[in-house]
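Q: File run-v1.txt below, compact mmCIF, C-alpha atoms:
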# COMPACT_ATOMS: atom_id res chain seq x y z
CA MET L 1 -97.97 -63.45 -17.75
CA GLN L 2 -94.42 -63.33 -16.42
CA VAL L 3 -94.53 -59.52 -16.34
CA ARG L 4 -97.74 -59.61 -14.30
CA GLU L 5 -96.17 -62.14 -11.92
CA THR L 6 -93.11 -59.92 -11.49
CA PHE L 7 -95.29 -56.90 -10.62
CA ARG L 8 -97.39 -59.04 -8.31
CA ARG L 9 -94.31 -60.24 -6.45
CA LEU L 10 -92.83 -56.76 -6.31
CA GLY L 11 -96.11 -55.32 -5.07
CA GLY L 12 -96.38 -58.06 -2.49
CA GLY L 13 -92.86 -57.31 -1.31
CA LEU L 14 -93.62 -53.63 -0.99
CA ALA L 15 -96.81 -54.46 0.86
CA VAL L 16 -94.90 -56.65 3.29
CA ALA L 17 -92.25 -53.96 3.73
CA GLY L 18 -94.94 -51.35 4.29
CA LEU L 19 -96.68 -53.59 6.79
CA SER L 20 -93.41 -54.14 8.64
CA ALA L 21 -92.73 -50.40 8.78
CA ALA L 22 -96.24 -49.76 10.03
CA LEU L 23 -95.81 -52.40 12.73
CA VAL L 24 -92.51 -50.81 13.84
CA LEU L 25 -94.12 -47.35 14.00
CA SER L 26 -97.10 -48.77 15.85
CA ALA L 27 -94.83 -50.45 18.37
CA THR L 28 -92.83 -47.24 18.84
CA ALA L 29 -96.03 -45.25 19.37
CA ALA L 30 -97.28 -47.84 21.84
CA ARG L 31 -94.06 -47.59 23.87
CA ALA L 32 -94.33 -43.79 23.81
CA ASP L 33 -97.95 -43.97 24.99
CA ASP L 34 -96.97 -46.43 27.76
CA GLY L 35 -94.22 -44.04 28.86
CA PHE L 36 -96.62 -41.10 28.89
CA ARG L 37 -99.26 -43.03 30.83
CA ASN L 38 -96.65 -44.08 33.37
CA TRP L 39 -95.57 -40.46 33.73
CA VAL L 40 -99.18 -39.34 34.23
CA ALA L 41 -99.62 -42.00 36.91
CA SER L 42 -96.43 -40.96 38.73
CA PHE L 43 -97.12 -37.20 38.46
CA ARG L 44 -100.40 -37.70 40.30
CA SER L 45 -98.60 -37.78 43.67
CA VAL L 46 -96.75 -34.56 42.80
CA ALA L 47 -100.03 -32.82 42.01
CA VAL L 48 -101.69 -34.11 45.17
CA LYS L 49 -98.77 -32.84 47.29
CA ASN L 50 -99.32 -29.45 45.70
CA GLY L 51 -102.98 -29.24 46.62
CA VAL L 52 -104.74 -30.99 43.75
CA ALA L 53 -107.38 -33.49 44.88
CA GLY L 54 -106.89 -37.00 43.55
CA ALA L 55 -110.44 -37.02 42.19
CA THR L 56 -109.75 -33.79 40.26
CA TYR L 57 -106.58 -35.27 38.79
CA ASP L 58 -108.29 -38.49 37.75
CA ARG L 59 -111.20 -36.62 36.18
CA ALA L 60 -108.87 -34.31 34.22
CA PHE L 61 -106.90 -37.23 32.76
CA ARG L 62 -109.87 -39.55 32.29
CA ASN L 63 -109.84 -39.26 28.49
CA ILE L 64 -106.15 -38.42 27.98
CA ARG L 65 -104.21 -41.53 27.01
CA ASP L 66 -101.43 -40.19 24.81
CA ILE L 67 -99.37 -37.10 24.13
CA ASP L 68 -100.44 -34.39 21.69
CA PRO L 69 -97.90 -34.68 18.85
CA GLU L 70 -98.87 -31.31 17.38
CA VAL L 71 -97.90 -29.61 20.64
CA LEU L 72 -94.40 -31.09 20.40
CA GLU L 73 -94.19 -30.10 16.75
CA LYS L 74 -95.07 -26.51 17.58
CA ALA L 75 -92.64 -26.54 20.50
CA ARG L 76 -89.82 -27.76 18.27
CA PHE L 77 -90.61 -25.44 15.40
CA GLN L 78 -90.64 -21.94 16.82
CA PRO L 79 -88.83 -20.03 14.05
CA GLU L 80 -86.76 -16.98 14.90
CA PHE L 81 -88.56 -14.67 12.52
CA SER L 82 -87.12 -11.18 12.87
CA ALA L 83 -89.79 -9.19 11.09
CA PRO L 84 -89.06 -5.58 10.12
CA VAL L 85 -90.62 -3.19 12.59
CA TRP L 86 -93.20 -1.94 10.09
CA ASP L 87 -94.30 -5.53 9.40
CA TYR L 88 -95.02 -6.17 13.08
CA PHE L 89 -97.25 -3.10 13.37
CA ASP L 90 -98.94 -3.48 9.98
CA ASN L 91 -100.14 -6.94 11.04
CA ARG L 92 -101.63 -5.65 14.29
CA VAL L 93 -102.66 -2.01 13.91
CA HIS L 94 -104.79 -1.77 10.79
CA GLU L 95 -108.24 -0.77 9.55
CA GLU L 96 -109.94 -4.01 10.57
CA SER L 97 -108.52 -4.21 14.10
CA ILE L 98 -109.46 -0.56 14.66
CA ALA L 99 -112.99 -0.90 13.28
CA THR L 100 -113.65 -4.10 15.24
CA GLY L 101 -112.32 -2.45 18.39
CA ARG L 102 -114.74 0.43 17.99
CA ALA L 103 -117.63 -1.99 17.38
CA MET L 104 -116.70 -3.93 20.53
CA ALA L 105 -116.48 -0.66 22.48
CA LYS L 106 -120.13 0.00 21.61
CA LYS L 107 -121.26 -3.57 22.20
CA TYR L 108 -119.66 -3.86 25.63
CA ARG L 109 -119.97 -0.23 26.72
CA PRO L 110 -121.90 -0.95 29.97
CA TRP L 111 -119.32 -3.53 31.03
CA LEU L 112 -116.40 -1.33 29.99
CA ASP L 113 -117.87 1.49 32.08
CA LYS L 114 -117.90 -0.81 35.11
CA ILE L 115 -114.43 -2.24 34.48
CA GLU L 116 -112.92 1.19 33.95
CA ALA L 117 -114.54 2.50 37.15
CA ARG L 118 -113.38 -0.49 39.19
CA PHE L 119 -109.81 -0.87 37.94
CA GLY L 120 -108.93 2.54 36.50
CA VAL L 121 -107.60 1.09 33.24
CA ASP L 122 -108.51 2.79 29.97
CA ARG L 123 -111.08 0.74 28.03
CA ASN L 124 -109.26 1.25 24.74
CA ILE L 125 -106.13 -0.33 26.19
CA LEU L 126 -108.19 -3.39 27.18
CA LEU L 127 -109.76 -3.60 23.72
CA ALA L 128 -106.31 -3.38 22.12
CA ILE L 129 -105.01 -6.20 24.33
CA TRP L 130 -108.06 -8.29 23.41
CA SER L 131 -107.27 -7.71 19.74
CA MET L 132 -103.58 -8.53 20.14
CA GLU L 133 -104.16 -11.68 22.18
CA SER L 134 -107.07 -13.41 20.43
CA ASN L 135 -108.33 -11.16 17.61
CA TYR L 136 -111.33 -10.22 19.75
CA GLY L 137 -111.99 -13.88 20.56
CA GLU L 138 -111.91 -15.18 16.98
CA ILE L 139 -108.95 -17.46 17.74
CA LEU L 140 -111.04 -19.28 20.35
CA LYS L 141 -113.32 -20.49 17.55
CA ASN L 142 -110.44 -22.13 15.67
CA ASP L 143 -110.31 -25.83 16.53
CA LYS L 144 -106.93 -26.13 14.81
CA VAL L 145 -105.42 -23.67 17.28
CA MET L 146 -107.27 -24.41 20.52
CA ARG L 147 -106.19 -27.52 22.44
CA ASN L 148 -106.93 -29.33 25.68
CA VAL L 149 -104.78 -27.43 28.19
CA VAL L 150 -104.21 -30.42 30.49
CA ARG L 151 -103.08 -32.61 27.60
CA SER L 152 -100.86 -29.87 26.13
CA LEU L 153 -99.11 -29.12 29.41
CA ALA L 154 -98.78 -32.81 30.29
CA THR L 155 -97.23 -33.40 26.86
CA LEU L 156 -94.67 -30.65 27.43
CA GLY L 157 -94.08 -31.73 31.02
CA TYR L 158 -93.37 -35.28 29.91
CA ALA L 159 -91.55 -34.87 26.58
CA ASP L 160 -90.07 -31.38 26.30
CA LYS L 161 -86.95 -31.04 28.43
CA LYS L 162 -86.63 -27.33 27.65
CA ARG L 163 -90.12 -26.49 28.92
CA ALA L 164 -90.73 -29.34 31.38
CA LYS L 165 -90.39 -27.31 34.58
CA PHE L 166 -92.61 -24.51 33.30
CA ALA L 167 -95.19 -26.96 31.94
CA ARG L 168 -95.43 -28.97 35.16
CA THR L 169 -95.97 -25.79 37.21
CA GLN L 170 -98.66 -24.65 34.79
CA LEU L 171 -100.26 -28.10 34.76
CA ILE L 172 -100.72 -28.07 38.52
CA ALA L 173 -102.20 -24.56 38.28
CA ALA L 174 -104.55 -25.71 35.50
CA LEU L 175 -105.73 -28.63 37.63
CA LYS L 176 -106.44 -26.21 40.48
CA ILE L 177 -108.55 -24.11 38.10
CA LEU L 178 -110.63 -27.20 37.38
CA GLN L 179 -110.85 -27.83 41.11
CA THR L 180 -112.38 -24.40 41.75
CA GLY L 181 -115.17 -25.13 39.28
CA ASP L 182 -114.54 -22.00 37.21
CA ILE L 183 -114.44 -24.22 34.09
CA ASP L 184 -114.80 -27.95 33.43
CA GLU L 185 -112.20 -30.19 31.82
CA SER L 186 -113.99 -30.36 28.47
CA HIS L 187 -113.84 -26.56 28.09
CA LEU L 188 -110.38 -25.91 29.53
CA MET L 189 -108.91 -25.01 26.15
CA GLY L 190 -105.90 -22.91 25.21
CA SER L 191 -102.90 -22.51 22.95
CA TRP L 192 -100.30 -25.25 22.52
CA ALA L 193 -98.33 -23.69 25.41
CA GLY L 194 -101.35 -23.31 27.73
CA ALA L 195 -102.39 -19.66 27.22
CA MET L 196 -106.12 -19.46 27.82
CA GLY L 197 -109.19 -17.42 27.02
CA HIS L 198 -109.96 -14.15 25.27
CA THR L 199 -106.99 -12.43 26.89
CA GLN L 200 -104.62 -15.44 26.83
CA PHE L 201 -103.60 -16.04 30.44
CA ILE L 202 -101.34 -18.90 31.44
CA PRO L 203 -102.75 -20.88 34.41
CA THR L 204 -100.54 -19.32 37.11
CA SER L 205 -101.40 -15.79 35.93
CA TYR L 206 -105.06 -16.75 35.83
CA GLN L 207 -104.83 -17.85 39.47
CA GLN L 208 -103.29 -14.52 40.41
CA TYR L 209 -105.49 -12.12 38.45
CA ALA L 210 -108.75 -13.79 37.32
CA VAL L 211 -111.94 -11.85 38.09
CA ASP L 212 -115.61 -12.81 38.11
CA MET L 213 -116.84 -9.55 36.64
CA ASP L 214 -120.26 -10.69 35.48
CA GLY L 215 -121.09 -12.08 38.93
CA ASN L 216 -122.15 -15.58 37.91
CA GLY L 217 -119.81 -17.25 40.42
CA ARG L 218 -117.18 -18.29 37.87
CA ARG L 219 -114.05 -16.54 36.60
CA ASP L 220 -114.67 -17.54 33.01
CA ILE L 221 -112.18 -15.89 30.65
CA TRP L 222 -113.13 -18.41 27.93
CA ASN L 223 -116.80 -17.50 27.53
CA SER L 224 -117.32 -14.23 29.40
CA VAL L 225 -115.86 -11.14 27.73
CA PRO L 226 -116.46 -9.05 30.90
CA ASP L 227 -114.49 -11.58 32.97
CA ALA L 228 -111.66 -11.66 30.42
CA LEU L 229 -111.32 -7.88 30.10
CA ALA L 230 -111.59 -7.37 33.86
CA THR L 231 -108.88 -9.98 34.38
CA ALA L 232 -106.58 -8.08 32.02
CA ALA L 233 -107.44 -4.83 33.83
CA ASN L 234 -106.68 -6.44 37.18
CA LEU L 235 -103.25 -7.53 35.97
CA LEU L 236 -102.42 -4.02 34.82
CA ARG L 237 -103.73 -2.36 37.98
CA LYS L 238 -101.87 -4.71 40.31
CA ASN L 239 -98.67 -4.04 38.37
CA GLY L 240 -98.92 -0.29 38.80
CA TRP L 241 -101.18 1.11 36.08
CA ALA L 242 -101.73 4.82 36.70
CA ALA L 243 -105.39 5.73 36.11
CA GLY L 244 -105.98 8.73 33.87
CA ARG L 245 -102.45 8.64 32.47
CA THR L 246 -101.30 7.84 28.96
CA TRP L 247 -98.93 5.06 27.88
CA GLY L 248 -96.84 7.59 25.97
CA TYR L 249 -96.63 10.11 23.15
CA GLU L 250 -95.44 10.18 19.58
CA VAL L 251 -92.81 12.89 19.44
CA SER L 252 -90.72 14.79 16.91
CA LEU L 253 -86.97 15.00 17.39
CA PRO L 254 -84.84 18.02 16.56
CA ARG L 255 -82.26 17.48 13.85
CA GLY L 256 -78.85 16.38 15.01
CA GLY L 257 -77.78 15.99 18.58
CA LYS L 258 -77.71 13.00 20.86
CA PHE L 259 -80.20 12.08 23.54
CA PRO L 260 -79.47 10.48 26.89
CA LYS L 261 -80.61 6.97 27.69
CA GLY L 262 -82.80 6.30 30.67
CA THR L 263 -85.82 7.93 32.25
CA MET L 264 -86.40 11.56 33.14
CA PRO L 265 -89.34 13.99 33.38
CA VAL L 266 -91.09 14.92 30.15
CA ALA L 267 -90.23 18.57 30.80
CA LYS L 268 -86.51 17.75 30.59
CA TRP L 269 -87.05 16.01 27.26
CA GLU L 270 -88.78 19.21 26.13
CA ASP L 271 -85.71 21.18 27.18
CA LEU L 272 -83.75 19.05 24.70
CA GLY L 273 -86.04 20.11 21.87
CA ILE L 274 -88.41 17.12 21.83
CA GLN L 275 -92.05 18.02 21.14
CA ARG L 276 -95.30 16.12 20.62
CA ALA L 277 -95.64 15.14 16.97
CA SER L 278 -99.25 16.40 17.01
CA GLY L 279 -98.14 19.85 18.09
CA LYS L 280 -100.24 19.62 21.27
CA PRO L 281 -98.72 20.17 24.72
CA PHE L 282 -97.74 17.22 26.89
CA ARG L 283 -100.43 16.36 29.44
CA ASN L 284 -98.14 15.79 32.42
CA PRO L 285 -94.74 17.50 32.02
CA ASN L 286 -93.56 16.14 35.37
CA GLU L 287 -94.26 12.52 34.43
CA LYS L 288 -91.15 10.47 33.81
CA ALA L 289 -90.61 8.98 30.36
CA THR L 290 -88.11 7.10 28.22
CA LEU L 291 -87.30 7.84 24.58
CA LYS L 292 -88.06 4.98 22.15
CA VAL L 293 -86.99 4.97 18.48
CA PRO L 294 -87.86 1.44 17.27
CA ASP L 295 -87.32 2.30 13.59
CA GLY L 296 -84.31 4.56 13.98
CA ARG L 297 -84.18 8.33 13.78
CA GLY L 298 -85.95 8.28 10.41
CA GLY L 299 -89.04 6.54 11.77
CA PRO L 300 -91.55 7.54 14.44
CA ALA L 301 -90.24 8.32 17.91
CA PHE L 302 -92.01 8.02 21.26
CA LEU L 303 -91.75 9.10 24.86
CA ALA L 304 -92.90 6.04 26.82
CA THR L 305 -94.28 6.65 30.32
CA GLY L 306 -94.74 4.40 33.33
CA ASN L 307 -97.90 2.82 31.92
CA PHE L 308 -95.85 1.62 28.95
CA SER L 309 -93.69 -0.35 31.37
CA VAL L 310 -96.84 -1.80 32.96
CA LEU L 311 -98.02 -3.01 29.53
CA LYS L 312 -94.76 -4.94 29.27
CA ARG L 313 -95.82 -7.00 32.28
CA TYR L 314 -98.34 -8.53 29.89
CA ASN L 315 -95.68 -9.22 27.28
CA ASN L 316 -92.12 -8.10 27.94
CA ALA L 317 -91.43 -6.57 24.54
CA ASP L 318 -91.32 -2.91 23.53
CA LYS L 319 -93.02 -3.68 20.21
CA TYR L 320 -95.93 -5.38 21.96
CA ALA L 321 -96.52 -2.52 24.39
CA LEU L 322 -96.19 0.03 21.61
CA ALA L 323 -98.65 -1.84 19.38
CA VAL L 324 -101.18 -1.97 22.23
CA GLY L 325 -100.76 1.77 22.83
CA LEU L 326 -101.03 2.74 19.17
CA LEU L 327 -104.04 0.48 18.56
CA ALA L 328 -105.75 1.83 21.70
CA ASP L 329 -105.20 5.41 20.52
CA ALA L 330 -106.57 4.55 17.07
CA ILE L 331 -109.69 2.88 18.54
CA ALA L 332 -110.21 6.00 20.67
CA GLY L 333 -110.09 8.13 17.52
CA TYR L 334 -106.83 9.95 18.16
CA GLY L 335 -105.55 9.28 14.66
CA GLY L 336 -102.54 7.45 13.31
CA LEU L 337 -98.86 8.19 13.28
CA VAL L 338 -97.60 11.56 12.12
CA GLN L 339 -94.30 10.01 11.04
CA ASP L 340 -94.85 6.62 9.43
CA TRP L 341 -92.57 3.59 9.53
CA GLN L 342 -89.71 3.47 7.04
CA ARG L 343 -91.07 1.03 4.47
CA PRO L 344 -89.07 0.44 1.28
CA PHE L 345 -92.31 0.17 -0.72
CA THR L 346 -95.79 1.63 -1.07
CA LYS L 347 -98.02 0.40 1.74
CA LEU L 348 -101.21 -1.56 1.08
CA SER L 349 -104.46 -1.10 2.93
CA PHE L 350 -105.78 -4.06 4.91
CA GLU L 351 -108.27 -4.92 2.16
CA GLN L 352 -105.52 -4.70 -0.45
CA ARG L 353 -103.39 -7.13 1.59
CA GLN L 354 -106.31 -9.57 1.53
CA GLU L 355 -106.61 -9.06 -2.21
CA LEU L 356 -102.89 -9.71 -2.58
CA GLN L 357 -103.23 -13.03 -0.78
CA LYS L 358 -106.24 -14.00 -2.90
CA ARG L 359 -104.47 -13.21 -6.16
CA LEU L 360 -101.38 -15.13 -5.04
CA TYR L 361 -103.68 -18.07 -4.27
CA GLU L 362 -105.34 -17.85 -7.67
CA SER L 363 -101.89 -17.81 -9.29
CA GLY L 364 -100.83 -20.95 -7.40
CA TYR L 365 -98.33 -19.36 -5.02
CA TYR L 366 -100.28 -19.24 -1.74
CA ASP L 367 -102.48 -21.67 0.16
CA GLY L 368 -103.22 -19.83 3.39
CA LYS L 369 -106.06 -17.65 4.65
CA PHE L 370 -107.00 -14.30 3.12
CA ASP L 371 -106.62 -12.62 6.51
CA GLY L 372 -104.56 -9.59 5.50
CA LYS L 373 -101.77 -10.64 7.86
CA ILE L 374 -98.43 -11.03 6.12
CA GLY L 375 -96.66 -13.91 7.82
CA GLN L 376 -94.03 -16.33 6.62
CA GLY L 377 -96.44 -18.12 4.26
CA SER L 378 -97.44 -14.88 2.55
CA ILE L 379 -93.84 -13.69 2.33
CA ALA L 380 -92.72 -16.98 0.77
CA ALA L 381 -95.56 -16.74 -1.76
CA ILE L 382 -94.67 -13.13 -2.63
CA LYS L 383 -91.01 -14.08 -3.13
CA ALA L 384 -91.92 -17.01 -5.35
CA TYR L 385 -94.15 -14.79 -7.50
CA GLN L 386 -91.51 -12.05 -7.67
CA GLN L 387 -88.91 -14.54 -8.88
CA SER L 388 -91.23 -15.86 -11.57
CA ALA L 389 -92.06 -12.30 -12.66
CA GLY L 390 -88.41 -11.20 -12.83
CA LEU L 391 -88.70 -8.91 -9.81
CA GLU L 392 -86.38 -8.62 -6.84
CA PRO L 393 -87.58 -11.35 -4.41
CA ASP L 394 -87.78 -9.15 -1.30
CA GLY L 395 -91.14 -10.54 -0.10
CA HIS L 396 -92.64 -7.11 0.54
CA PRO L 397 -96.46 -6.81 0.37
CA SER L 398 -96.23 -3.79 -1.90
CA LEU L 399 -98.64 -1.94 -4.16
CA GLU L 400 -96.21 -2.61 -6.99
CA VAL L 401 -96.58 -6.39 -6.58
CA LEU L 402 -100.37 -6.15 -6.30
CA LYS L 403 -100.61 -4.06 -9.49
CA LYS L 404 -98.55 -6.59 -11.40
CA LEU L 405 -100.76 -9.44 -10.12
CA ARG L 406 -103.84 -7.51 -11.21
CA ARG L 407 -102.48 -7.39 -14.78
CA LYS L 408 -102.10 -11.17 -14.96
Output the structure of this file as structure tokens.
A:
Amino acid sequence: MQVRETFRRLGGGLAVAGLSAALVLSATAARADDGFRNWVASFRSVAVKNGVAGATYDRAFRNIRDIDPEVLEKARFQPEFSAPVWDYFDNRVHEESIATGRAMAKKYRPWLDKIEARFGVDRNILLAIWSMESNYGEILKNDKVMRNVVRSLATLGYADKKRAKFARTQLIAALKILQTGDIDESHLMGSWAGAMGHTQFIPTSYQQYAVDMDGNGRRDIWNSVPDALATAANLLRKNGWAAGRTWGYEVSLPRGGKFPKGTMPVAKWEDLGIQRASGKPFRNPNEKATLKVPDGRGGPAFLATGNFSVLKRYNNADKYALAVGLLADAIAGYGGLVQDWQRPFTKLSFEQRQELQKRLYESGYYDGKFDGKIGQGSIAAIKAYQQSAGLEPDGHPSLEVLKKLRRK
């Protein structure tokens, strides 16, 4: 009886303590919500001064009463993950992204004909961007990823000092999008940082480049694939895309010797002994190009032309522009690399990478999707398995690891 009484008292004490903690957290959350609501009320005048109608503002915030905590979590936790160069490309240029790109090329051929004729941008480049940005629209179906753009940007504008200026500028632009009637507030969805639609435009870029390609009176990059692809094409064209020109070439380098940095005509690179890896002649010897060796002299090398620089206006990273170019070439049927990336293991096919993830899951090491993309979760799972199996924990998605898992 005394033992039961002791447990009862202890449990009651814990319950009281838990209740007190809950009340403290509730009070803290309430203060945070009050602060956010006050900020929303005060920011209204800023938006109005910048051309947003008061009625538009009120309608956009009608059902937004608190911050989005997941947005702040994602903003705080942006890991500096320096993936090996081969890992970046293996996750983006693979059998599935190529096959889906070709299927989409057939499905949207009439629209791609029109977009290509109007903007002069190669359709395969647009398909590759679509793949890179939203996996051909699949990301837009993921409720865990897509968020209310107004709430996300207001959250960052209110609570994230690092991104506040950017977020407030984008918030005003997002409100102006609502004001035009291109989309309503319930469908204005995007990433945690406000990137929107099939081709992931931030609000200010949408304002500058959005196109109503399908002619229904709305520039709808969320639901209209023609609008989204035309918007991407418009961005490239307005930033200098040269119609009928390539983004670059895979090249072979002569042994030894040093090469100058900077840009010069392709013909001058030829004079230094650089040739197309395919053995074919360069299309435009007078076109200026820059030598790129992202994996060192032992990996594939490229001469990147002016269109490569235009691709970087979409995302200012060499790897991004190169992945778009390589995926576009693969969708077009030009084949893969002549010189592969320098992997310290035997490469898996896309289906084998999915199998690897499934077998790691079945062995209790992995709890993510079987999507064939080797991110931090997959790498951690591979390392954990390798350690348990007495292998070097390098985290590589190798054929050797898959074979060992198959024998389990």
Q: If you count all atoms listed in the file, which residues fall within 9 Å of L:Leu235, apart from same-chain ones fewer than 4 positions away, as a VMD selection string?
A: chain L and resid 205 208 to 210 230 to 231 239 to 241 313 to 314
Q: Hey, which bits of stretch 325-354 of chain L sit within 12 Å of stretch 91-108 of chain L, and for each residue what's the closest pair of atoms and how far apart in Å (one decimal), counting only C-alpha atoms, rows by chain and increasing number, as CSV?
A:
residue,atom,partner,partner_atom,distance
L:Gly325,CA,L:Val93,CA,9.9
L:Leu326,CA,L:Val93,CA,7.3
L:Leu327,CA,L:Val93,CA,5.5
L:Ala328,CA,L:Ile98,CA,8.3
L:Asp329,CA,L:Ile98,CA,9.4
L:Ala330,CA,L:Ile98,CA,6.3
L:Ile331,CA,L:Ile98,CA,5.2
L:Ala332,CA,L:Arg102,CA,7.7
L:Gly333,CA,L:Arg102,CA,9.0
L:Tyr334,CA,L:Ile98,CA,11.4
L:Gly335,CA,L:Ile98,CA,10.6
L:Gly336,CA,L:Val93,CA,9.5
L:Leu337,CA,L:Val93,CA,10.9
L:Lys347,CA,L:His94,CA,11.5
L:Leu348,CA,L:His94,CA,10.4
L:Ser349,CA,L:Glu95,CA,7.6
L:Phe350,CA,L:Glu95,CA,6.2
L:Glu351,CA,L:Glu95,CA,8.5
L:Gln352,CA,L:Glu95,CA,11.1
L:Arg353,CA,L:Asn91,CA,10.0
L:Gln354,CA,L:Glu96,CA,11.2
Q: When you draw a straight line from atom CA of L:Gly279 to atom CA of L:Tyr249, how long is it in Å?
A: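 Result for atom CA of L:Gly279 versus atom CA of L:Tyr249: 11.1 Å, one decimal.
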Q: Name all residues at most 9 Å from stretch 58-62 of chain L (count all atoms listed in the file; drop same-chain ones fewer than 3 positions away) and give them as an MDAnalysis selection string.
A: chainID L and resid 40 44 53:55 65 150:151 175 178 184:186
Q: Neighbours of L:Leu272 within 12 Å (all atoms listed in the file; same-chain residues fewer than 3 positions away dropped), as a PyMOL selection string?
A: chain L and resi 252-260+264-269+275+291
Q: Taking all atoms of stretch 344-350 of chain L that the file lists and extending 4 Å past them on each side, where is the centre of the axis-aligned box and how long are its edges? Answer in Å to one decimal, as lines of an AutoDock Vina configuration file.
A:
center_x = -97.4
center_y = -1.2
center_z = 1.9
size_x = 24.7
size_y = 13.7
size_z = 14.0
Q: Per residue of stretch 331-371 of chain L within 12 Å of stretch 386-389 of chain L, which atom pair is closest and at what distance in Å (one decimal), using only C-alpha atoms, listed by chain and increasing number, as a tab-separated table?
A:
residue	atom	partner	partner_atom	distance
L:Leu360	CA	L:Gln386	CA	10.7
L:Ser363	CA	L:Ser388	CA	11.1
L:Gly364	CA	L:Ser388	CA	11.6
L:Tyr365	CA	L:Ser388	CA	10.3
Q: List the spatial neighbours of L:Ala195 as a count of residues only - criterion: any atom at most 12 Å away, all atoms listed in the file, same-chain residues fewer than 3 positions off excluded.
A: 32
Q: Quick one: of L:Asp66, L:Glu270, L:Glu250, L:Asp143, who's nearest to L:Leu322, counting only C-alpha atoms?
A: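 Smallest separation from L:Leu322 among the options: L:Glu250.
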Q: Between atom CA of L:Ile172 and atom CA of L:Ile67, measure the distance and give it in Å to one decimal.
A: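 Distance reported for this atom pair: 17.0 Å.
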Q: To one decimal place in Å, what is the distance between atom CA of L:Asp227 and atom CA of L:Met196?
A: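 Computed distance, atom CA of L:Asp227 to atom CA of L:Met196, equals 12.6 Å.
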Q: Could stretch 49-60 of chain L be completed with N, CA and C atoms and returned as an mmCIF file, keeping the file's coordinate frame?
A:
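Output file result-v3.cif follows:
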data_model
loop_
_atom_site.group_PDB
_atom_site.id
_atom_site.type_symbol
_atom_site.label_atom_id
_atom_site.label_comp_id
_atom_site.auth_asym_id
_atom_site.auth_seq_id
_atom_site.Cartn_x
_atom_site.Cartn_y
_atom_site.Cartn_z
ATOM 1 N N LYS L 49 -99.591 -33.535 46.287
ATOM 2 C CA LYS L 49 -98.770 -32.840 47.290
ATOM 3 C C LYS L 49 -98.868 -31.334 47.152
ATOM 4 N N ASN L 50 -99.220 -30.893 45.949
ATOM 5 C CA ASN L 50 -99.320 -29.450 45.700
ATOM 6 C C ASN L 50 -100.757 -28.945 45.746
ATOM 7 N N GLY L 51 -101.642 -29.733 46.360
ATOM 8 C CA GLY L 51 -102.980 -29.240 46.620
ATOM 9 C C GLY L 51 -104.060 -29.635 45.639
ATOM 10 N N VAL L 52 -103.739 -30.530 44.705
ATOM 11 C CA VAL L 52 -104.740 -30.990 43.750
ATOM 12 C C VAL L 52 -105.387 -32.267 44.304
ATOM 13 N N ALA L 53 -106.695 -32.296 44.396
ATOM 14 C CA ALA L 53 -107.380 -33.490 44.880
ATOM 15 C C ALA L 53 -107.210 -34.639 43.889
ATOM 16 N N GLY L 54 -107.059 -35.841 44.420
ATOM 17 C CA GLY L 54 -106.890 -37.000 43.550
ATOM 18 C C GLY L 54 -108.053 -37.162 42.585
ATOM 19 N N ALA L 55 -109.260 -36.889 43.049
ATOM 20 C CA ALA L 55 -110.440 -37.020 42.190
ATOM 21 C C ALA L 55 -110.383 -36.013 41.036
ATOM 22 N N THR L 56 -109.890 -34.808 41.313
ATOM 23 C CA THR L 56 -109.750 -33.790 40.260
ATOM 24 C C THR L 56 -108.750 -34.257 39.217
ATOM 25 N N TYR L 57 -107.626 -34.780 39.685
ATOM 26 C CA TYR L 57 -106.580 -35.270 38.790
ATOM 27 C C TYR L 57 -107.129 -36.381 37.902
ATOM 28 N N ASP L 58 -107.771 -37.339 38.503
ATOM 29 C CA ASP L 58 -108.290 -38.490 37.750
ATOM 30 C C ASP L 58 -109.329 -38.057 36.718
ATOM 31 N N ARG L 59 -110.184 -37.099 37.110
ATOM 32 C CA ARG L 59 -111.200 -36.620 36.180
ATOM 33 C C ARG L 59 -110.569 -35.885 35.003
ATOM 34 N N ALA L 60 -109.528 -35.092 35.274
ATOM 35 C CA ALA L 60 -108.870 -34.310 34.220
ATOM 36 C C ALA L 60 -108.192 -35.210 33.197
#
